[in-house]
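Trainee: Mind looking over this structure? Questions follow.
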There are 2 protein chains.
Amino acid sequence: MKVGEVAKAAGVNVQTLHYYERVGILKPRSRSNSGYRDYDNSAVRIIQFIKHAQELGFSLDEIQDLLALRADKKSKCENVQRQAAVHLKDVKAKIAKLEAIKKTLEVLIEDCRGRKTEAECPLLDCLADERFRIAEGEKDES
Amino acid sequence: MKVGEVAKAAGVNVQTLHYYERVGILKPRSRSNSGYRDYDNSAVRIIQFIKHAQELGFSLDEIQDLLALRADKKSKCENVQRQAAVHLKDVKAKIAKLEAIKKTLEVLIEDCRGRKTEAECPLLDCLADERFRIAEGEKDES
DNA sequence: CTTGACCCTCTATCTAGGTATAGGGTGTAG
DNA sequence: CTACACCCTATACCTAGATAGAGGGTCAAG
């Protein structure tokens with residue numbers, strides 16, 4: 001696939017793919033004689049994965065790291081396991097925070113409906129829990 | 001509290017608070033005679049909330065919007081409900097995506113451990129589900 | 001054999017979210 | 001009354017993640 005096809009299919013523009021190549025997150029499989037980029041079919045899905053992951057607060061570096069797990073799969077098993085475990089922890093922490101926000105929003109909606117707005121500052125408190133600090137601390141230590 | 005105290009307590013630097021004031025996400029309660037910013041005690045928690053929310057892929061604009069729910073609570077009930085419902089949907093979509101990534105990582109770790117690496121590209125497929133596209137579509141419509 | 005839609009590289013520019021620095025005022029402890 | 005740690009404003013600069021030309025090559029259709 002040529003760069004324009006991939007870009008269109010994935011809903012990004014061509015320059016973005018040039019950019020992804022430059023930063024090393026997504027390289028074309030090869031180049032044609034005339035220098036045209038040639039992408040394989042997984043490219044579109046990779047781009048979609050990147051876009052989803054960005055919405056979840058992952059940087060391109062982190063995403064590259066996640067994508068690397070896919071490629072390394074066959075070769076260095078314990079390495080992949082260790083890396084995957086690190087990311088898994090991060091993902092779980094994010095889920096926990098989002099669950100806290102979710103719960104808070106639900107309470108907010110419910111309180112509103114029932115006109116019993118006693119809770120003082122639900123959104124501020126929803127992430128004040130100790131477990132979120134732990135996640136932060138571990139990030140700093142790395 | 002003066003700006004330096006707040007910054008230190010929240011683990012950000014003073015310029016960041018100046019920036020937050022400029023963009024309107026966090027304003028000091030008042031100014032002293034000599035023009036010193038005076039923050040109230042909730043400022044530190046607000047900053048922590050902002051930092052957590054950023055890690056989850058929310059922009060400062062979105063976070064400001066979330067924080068507004070807290071303030072509006074007493075006044076315009078159905079308005080708050082509608083806004084909260086929109087954010088709730090977004091949060092749920094994020095959780096669903098993270099759950100998919102989580103599951104994939106767990107499978108990856110498990111497959112590795114058991115040496116049964118048949119799955120072709122788990123991370124690429126994990127967000128290919130139709131429900132994630134729906135979430136995107138709805139974002140575009142707004 | 002030219003026209004139009006592609007592709008290339010290179011460089012500049014933009015936005016979000018800060019971070020740094022210059023030049024100057026404040027306030028309190030010694 | 002001065003030294004030092006703080007505060008102020010204004011402006012410049014930085015990184016990530018794109019986005020937009022300029023200037024030129026490629027290729028398939030007519």
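Naming works like this for the structure tokens: A, B, ... for the chains as they're shown, residue 1 at the start of each chain, ligands 1 onward in shown order.
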Using only C-alpha atoms (C1' of nucleotides), I'd like every residue of chain B that has an atom within 9 Å of chain C; please write them out as a PyMOL selection string.

Mentor: chain B and resi 13+15-16+19+34+59-60

Trainee: For the residues selected in the previous step, produce a file with C-alpha atoms as a short mmCIF file (atom, residue, chain, number, x, y, z; two decimals), in the first residue's frame.

Mentor:
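Listing of again.cif after writing:
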data_model
loop_
_atom_site.label_atom_id
_atom_site.label_comp_id
_atom_site.auth_asym_id
_atom_site.auth_seq_id
_atom_site.Cartn_x
_atom_site.Cartn_y
_atom_site.Cartn_z
CA ASN B 13 6.47 24.36 39.77
CA GLN B 15 5.28 28.74 36.57
CA THR B 16 2.83 25.93 36.00
CA TYR B 19 0.14 29.02 33.40
CA SER B 34 1.16 43.50 47.26
CA SER B 59 -6.78 17.69 27.91
CA LEU B 60 -6.79 20.73 30.18
#

Trainee: Could you tell me which residues of chain D sit within 12 Å of chain A when counting only C-alpha atoms (C1' of nucleotides), and give me the result as a ChimeraX atom specification?

Mentor: /D:16-21,25-27

Trainee: So which residues touch Ile95 in chain A within 8 Å, counting only C-alpha atoms (C1' of nucleotides), skipping near sequence neighbours fewer than 6 positions away, as a short mmCIF file (atom, residue, chain, number, x, y, z; two decimals) with C-alpha atoms, in the first residue's frame?

Mentor:
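And here's result.cif as it stands now:
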data_model
loop_
_atom_site.label_atom_id
_atom_site.label_comp_id
_atom_site.auth_asym_id
_atom_site.auth_seq_id
_atom_site.Cartn_x
_atom_site.Cartn_y
_atom_site.Cartn_z
CA ILE B 95 -12.21 1.91 30.43
CA LEU B 98 -8.02 -0.21 28.60
CA GLU B 99 -9.74 -3.44 29.55
#

Trainee: Mind checking which residues fall within 9 Å of Ile109 in chain A, counting only C-alpha atoms (C1' of nucleotides), ignoring those fewer than 4 positions away in the same chain, and posting them as an mmCIF file with C-alpha atoms, in the first residue's frame?

Mentor:
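That gives us part_19.cif:
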data_model
loop_
_atom_site.group_PDB
_atom_site.id
_atom_site.type_symbol
_atom_site.label_atom_id
_atom_site.label_comp_id
_atom_site.auth_asym_id
_atom_site.auth_seq_id
_atom_site.Cartn_x
_atom_site.Cartn_y
_atom_site.Cartn_z
ATOM 1 C CA THR A 104 -17.992 9.906 40.915
ATOM 2 C CA LEU A 105 -19.815 10.956 37.776
ATOM 3 C CA ARG A 113 -31.604 13.458 40.023
ATOM 4 C CA GLY A 114 -32.601 12.921 43.628
ATOM 5 C CA CYS B 77 -29.167 20.460 37.828
ATOM 6 C CA GLU B 78 -30.252 19.108 34.466
ATOM 7 C CA VAL B 80 -24.885 19.166 35.191
ATOM 8 C CA GLN B 81 -26.580 15.861 34.531
ATOM 9 C CA ARG B 82 -26.286 16.192 30.798
ATOM 10 C CA ALA B 84 -21.791 14.502 33.447
ATOM 11 C CA ALA B 85 -23.509 11.942 31.249
#

Trainee: For Gly57 in chain B, which residue out of B:Asn33, B:Lys94, B:Arg45, B:Gly24 is the nearest one, using only C-alpha atoms?

Mentor: B:Lys94

Trainee: To one decimal place in Å, what is the distance between CA of Ala43 in chain A and CA of Leu108 in chain B?

Mentor: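 Going from CA of Ala43 in chain A over to CA of Leu108 in chain B, I get 20.8 Å.
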
Trainee: Mind checking which residues fall within 7 Å of Asp40 in chain A, counting only C-alpha atoms (C1' of nucleotides), ignoring those fewer than 2 positions away in the same chain, and posting them as a ChimeraX atom specification?

Mentor: /A:1,29,38,42-43

Trainee: Rounded to one decimal, what separation in Å do you get between CA of Leu26 in chain B and CA of Lys92 in chain B?

Mentor: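 These two atoms are separated by 26.2 Å.
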
Trainee: Check the smallest atom-to-atom distance from each of B:Val3, B:Val86, B:Arg70, B:Val107 to chain A using only C-alpha atoms, then report the winner.

Mentor: B:Arg70

Trainee: Would you mind reading off the distance between CA of Asp61 in chain A and CA of Leu67 in chain B, one decimal, in Å?

Mentor: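 Taking CA of Asp61 in chain A as the start and CA of Leu67 in chain B as the end point, the length is 29.4 Å.
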